[in-house]
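Participant: What follows is query38.cif, mmCIF, C-alpha atoms, pLDDT in the B column; chains and numbers go by the auth columns.
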data_input
#
loop_
_atom_site.group_PDB
_atom_site.id
_atom_site.type_symbol
_atom_site.label_atom_id
_atom_site.label_comp_id
_atom_site.label_asym_id
_atom_site.label_seq_id
_atom_site.Cartn_x
_atom_site.Cartn_y
_atom_site.Cartn_z
_atom_site.B_iso_or_equiv
_atom_site.auth_seq_id
_atom_site.auth_asym_id
ATOM 1 C CA MET A 1 167.427 -81.446 56.989 39.00 1 X
ATOM 2 C CA ALA A 2 168.808 -79.372 54.105 45.00 2 X
ATOM 3 C CA GLU A 3 171.947 -77.449 54.848 53.00 3 X
ATOM 4 C CA GLU A 4 171.508 -73.670 55.045 55.00 4 X
ATOM 5 C CA PRO A 5 173.508 -71.789 52.402 62.00 5 X
ATOM 6 C CA SER A 6 176.381 -69.810 53.806 82.00 6 X
ATOM 7 C CA TYR A 7 176.546 -66.047 53.584 81.00 7 X
ATOM 8 C CA ARG A 8 179.275 -66.408 50.969 83.00 8 X
ATOM 9 C CA THR A 9 177.151 -68.718 48.818 86.00 9 X
ATOM 10 C CA GLU A 10 174.146 -66.419 49.135 89.00 10 X
ATOM 11 C CA ARG A 11 176.272 -63.440 48.092 90.00 11 X
ATOM 12 C CA TRP A 12 177.553 -65.226 44.980 91.00 12 X
ATOM 13 C CA THR A 13 174.026 -66.404 44.155 89.00 13 X
ATOM 14 C CA LYS A 14 172.665 -62.863 44.350 91.00 14 X
ATOM 15 C CA HIS A 15 175.511 -61.582 42.181 91.00 15 X
ATOM 16 C CA PHE A 16 174.890 -64.230 39.500 90.00 16 X
ATOM 17 C CA GLU A 17 171.128 -63.699 39.627 90.00 17 X
ATOM 18 C CA GLU A 18 171.503 -59.975 38.991 93.00 18 X
ATOM 19 C CA ILE A 19 173.809 -60.499 36.018 93.00 19 X
ATOM 20 C CA ASP A 20 171.838 -63.396 34.568 90.00 20 X
ATOM 21 C CA LYS A 21 168.473 -61.610 34.863 91.00 21 X
ATOM 22 C CA GLU A 22 169.933 -58.793 32.798 94.00 22 X
ATOM 23 C CA ILE A 23 171.338 -61.286 30.284 93.00 23 X
ATOM 24 C CA ALA A 24 167.902 -62.895 29.946 91.00 24 X
ATOM 25 C CA LYS A 25 166.236 -59.499 29.566 93.00 25 X
ATOM 26 C CA TYR A 26 168.584 -58.371 26.791 96.00 26 X
ATOM 27 C CA ALA A 27 168.424 -61.769 25.082 94.00 27 X
ATOM 28 C CA SER A 28 164.626 -61.476 25.038 93.00 28 X
ATOM 29 C CA LEU A 29 164.713 -57.919 23.714 95.00 29 X
ATOM 30 C CA CYS A 30 167.162 -58.909 20.962 96.00 30 X
ATOM 31 C CA LYS A 31 165.262 -62.164 20.350 95.00 31 X
ATOM 32 C CA VAL A 32 168.400 -64.232 20.847 95.00 32 X
ATOM 33 C CA ARG A 33 167.755 -67.893 21.694 92.00 33 X
ATOM 34 C CA LEU A 34 170.716 -67.875 24.021 89.00 34 X
ATOM 35 C CA LEU A 35 170.389 -71.452 25.295 85.00 35 X
ATOM 36 C CA ASP A 36 170.337 -73.022 21.834 89.00 36 X
ATOM 37 C CA PRO A 37 173.598 -74.847 21.096 88.00 37 X
ATOM 38 C CA GLY A 38 176.424 -72.580 19.930 90.00 38 X
ATOM 39 C CA ILE A 39 174.544 -69.306 20.395 92.00 39 X
ATOM 40 C CA ILE A 40 176.403 -68.086 23.485 91.00 40 X
ATOM 41 C CA GLN A 41 179.711 -68.554 21.687 93.00 41 X
ATOM 42 C CA ARG A 42 178.409 -66.661 18.657 96.00 42 X
ATOM 43 C CA VAL A 43 177.331 -63.764 20.880 95.00 43 X
ATOM 44 C CA LEU A 44 180.743 -63.777 22.572 94.00 44 X
ATOM 45 C CA ASN A 45 182.293 -63.730 19.071 96.00 45 X
ATOM 46 C CA ASP A 46 180.230 -60.566 18.378 97.00 46 X
ATOM 47 C CA ASP A 47 177.997 -62.250 15.777 97.00 47 X
ATOM 48 C CA ALA A 48 174.852 -60.087 15.808 97.00 48 X
ATOM 49 C CA THR A 49 173.225 -62.267 13.143 97.00 49 X
ATOM 50 C CA VAL A 50 171.884 -64.407 16.020 96.00 50 X
ATOM 51 C CA CYS A 51 169.445 -61.586 16.814 96.00 51 X
ATOM 52 C CA GLY A 52 165.860 -61.874 15.690 95.00 52 X
ATOM 53 C CA ALA A 53 165.499 -58.133 16.299 94.00 53 X
ATOM 54 C CA ALA A 54 168.358 -55.866 15.264 92.00 54 X
ATOM 55 C CA ASN A 55 169.442 -53.472 17.996 95.00 55 X
ATOM 56 C CA PRO A 56 173.214 -52.961 18.055 97.00 56 X
ATOM 57 C CA ALA A 57 173.239 -51.103 21.396 97.00 57 X
ATOM 58 C CA LEU A 58 171.271 -53.837 23.207 97.00 58 X
ATOM 59 C CA PHE A 59 173.327 -56.585 21.568 97.00 59 X
ATOM 60 C CA LYS A 60 176.526 -54.913 22.809 98.00 60 X
ATOM 61 C CA LYS A 61 175.110 -54.820 26.358 97.00 61 X
ATOM 62 C CA LEU A 62 174.125 -58.495 26.079 96.00 62 X
ATOM 63 C CA ARG A 63 177.618 -59.434 24.931 97.00 63 X
ATOM 64 C CA ASN A 64 179.257 -57.418 27.723 97.00 64 X
ATOM 65 C CA LEU A 65 177.002 -59.032 30.325 96.00 65 X
ATOM 66 C CA LEU A 66 177.895 -62.499 29.043 93.00 66 X
ATOM 67 C CA MET A 67 181.579 -61.655 29.334 95.00 67 X
ATOM 68 C CA MET A 68 180.938 -60.373 32.870 94.00 68 X
ATOM 69 C CA HIS A 69 179.115 -63.611 33.743 92.00 69 X
ATOM 70 C CA TYR A 70 182.105 -65.713 32.700 91.00 70 X
ATOM 71 C CA SER A 71 184.524 -63.450 34.561 93.00 71 X
ATOM 72 C CA VAL A 72 182.446 -63.685 37.734 92.00 72 X
ATOM 73 C CA ARG A 73 182.109 -67.441 37.295 90.00 73 X
ATOM 74 C CA GLU A 74 185.895 -67.841 37.209 92.00 74 X
ATOM 75 C CA LYS A 75 186.129 -65.918 40.488 93.00 75 X
ATOM 76 C CA ALA A 76 183.335 -67.990 42.024 92.00 76 X
ATOM 77 C CA VAL A 77 185.150 -71.200 41.131 92.00 77 X
ATOM 78 C CA VAL A 78 188.140 -69.972 43.129 92.00 78 X
ATOM 79 C CA ALA A 79 185.974 -68.885 46.078 90.00 79 X
ATOM 80 C CA LEU A 80 183.406 -71.715 46.157 90.00 80 X
ATOM 81 C CA GLY A 81 184.875 -74.518 44.099 91.00 81 X
ATOM 82 C CA PRO A 82 183.744 -75.761 40.687 92.00 82 X
ATOM 83 C CA GLN A 83 180.915 -78.019 41.869 92.00 83 X
ATOM 84 C CA GLU A 84 179.246 -75.400 44.082 90.00 84 X
ATOM 85 C CA THR A 85 179.577 -72.786 41.323 89.00 85 X
ATOM 86 C CA LEU A 86 178.040 -75.127 38.747 87.00 86 X
ATOM 87 C CA ARG A 87 175.180 -75.917 41.136 87.00 87 X
ATOM 88 C CA LEU A 88 174.505 -72.190 41.677 86.00 88 X
ATOM 89 C CA VAL A 89 174.519 -71.377 37.969 85.00 89 X
ATOM 90 C CA ASP A 90 172.284 -74.363 37.159 85.00 90 X
ATOM 91 C CA GLU A 91 169.732 -73.261 39.773 86.00 91 X
ATOM 92 C CA ILE A 92 169.705 -69.723 38.396 82.00 92 X
ATOM 93 C CA VAL A 93 169.272 -70.927 34.803 80.00 93 X
ATOM 94 C CA THR A 94 166.379 -73.128 35.942 83.00 94 X
ATOM 95 C CA ARG A 95 164.655 -70.146 37.597 81.00 95 X
ATOM 96 C CA LEU A 96 165.249 -67.987 34.510 78.00 96 X
ATOM 97 C CA ARG A 97 163.783 -70.691 32.260 78.00 97 X
ATOM 98 C CA GLU A 98 160.718 -70.793 34.524 81.00 98 X
ATOM 99 C CA ARG A 99 160.382 -67.028 34.174 79.00 99 X
ATOM 100 C CA PHE A 100 161.163 -66.645 30.447 77.00 100 X
ATOM 101 C CA GLY A 101 160.042 -70.040 29.129 75.00 101 X
ATOM 102 C CA ASP A 102 161.608 -71.266 25.891 77.00 102 X
ATOM 103 C CA THR A 103 162.184 -67.737 24.534 78.00 103 X
ATOM 104 C CA LEU A 104 165.805 -68.169 25.624 78.00 104 X
ATOM 105 C CA GLY A 105 166.163 -71.397 23.626 78.00 105 X
ATOM 106 C CA THR A 106 166.515 -75.019 24.536 74.00 106 X
ATOM 107 C CA PRO A 107 169.853 -76.545 25.507 67.00 107 X
ATOM 108 C CA GLY A 108 170.866 -79.530 23.465 57.00 108 X
ATOM 109 C CA THR A 109 168.431 -79.058 20.584 49.00 109 X
#
What does the file become when written as structure tokens?
Facilitator:
Amino acid sequence: MAEEPSYRTERWTKHFEEIDKEIAKYASLCKVRLLDPGIIQRVLNDDATVCGAANPALFKKLRNLLMMHYSVREKAVVALGPQETLRLVDEIVTRLRERFGDTLGTPGT
């Protein structure tokens, strides 16, 4: 039988899901293929040329949310451990890809 997630794991999952849904929403609005190789780093480096639709205010929110995601991930690693954190983030990305399709890009292409 599968092990039930702990309250702590559920709390971190909900926190990541909220942040990552917003990231996906802003990436879609800005037409940023966030999962394509190198794109996240370019957004973090404030390179708005990755946008297919220019909107400086939305791009700034996207960038800030990405920075928040990485900050929260560092805290989750301390609280849950690196493997559990990676598993959580991978599950969330999978659900987001199901929801948004390839509009967010394709890792490794």
Participant: Hey, can you check how far CA of Tyr26 in chain X sits from CA of Val50 in chain X?
Facilitator: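 These two atoms are separated by 12.8 Å.
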Participant: Might you spell out which residues the PyMOL selection byres ((chain X and resi 4-18) around 12) would select in the displayed file, as a ChimeraX atom specification?
Facilitator: /X:1-3,19-25,65-66,68-81,84-96
Participant: Considering only C-alpha atoms, return as an NGL selection string whatever protein or nucleic-acid residues lie within 12 Å of Ala57 in chain X, sequence-local ones (same chain, fewer than 5 positions apart) excluded.
Facilitator: :X and (26 or 29-30 or 48 or 62-64)
Participant: Compare X:Met67, X:Lys31, X:Glu98, X:Leu104 by their minimum atom-to-atom distance to Asn55 in chain X, counting all atoms listed in the file, and give me the closest one.
Facilitator: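 Using all atoms listed in the file, the shortest distance to Asn55 in chain X belongs to X:Lys31.
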Participant: As an exercise, work out the distance from CA of Leu44 in chain X to CA of Lys60 in chain X in Å and give it to one decimal place.
Facilitator: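 Here the two named atoms are 9.8 Å from each other.
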Participant: Please compute the CA of Thr103 in chain X-CA of Asp46 in chain X distance, one decimal, in Å.
Facilitator: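 We find that CA of Thr103 in chain X and CA of Asp46 in chain X lie 20.4 Å from each other.
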Participant: Counting all atoms listed in the file, which residue out of X:Gly101, X:Arg33, X:Pro82, X:Asp47 sits closest to Phe59 in chain X?
Facilitator: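 Answer, going by the shortest atom-to-atom distance: X:Asp47.
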Participant: Since I can't run it myself right now, could you work out what the PyMOL selection byres ((chain X and resi 38) around 12) selects here and report it as a ChimeraX atom specification?
Facilitator: /X:32-37,39-45,47,50,105-109
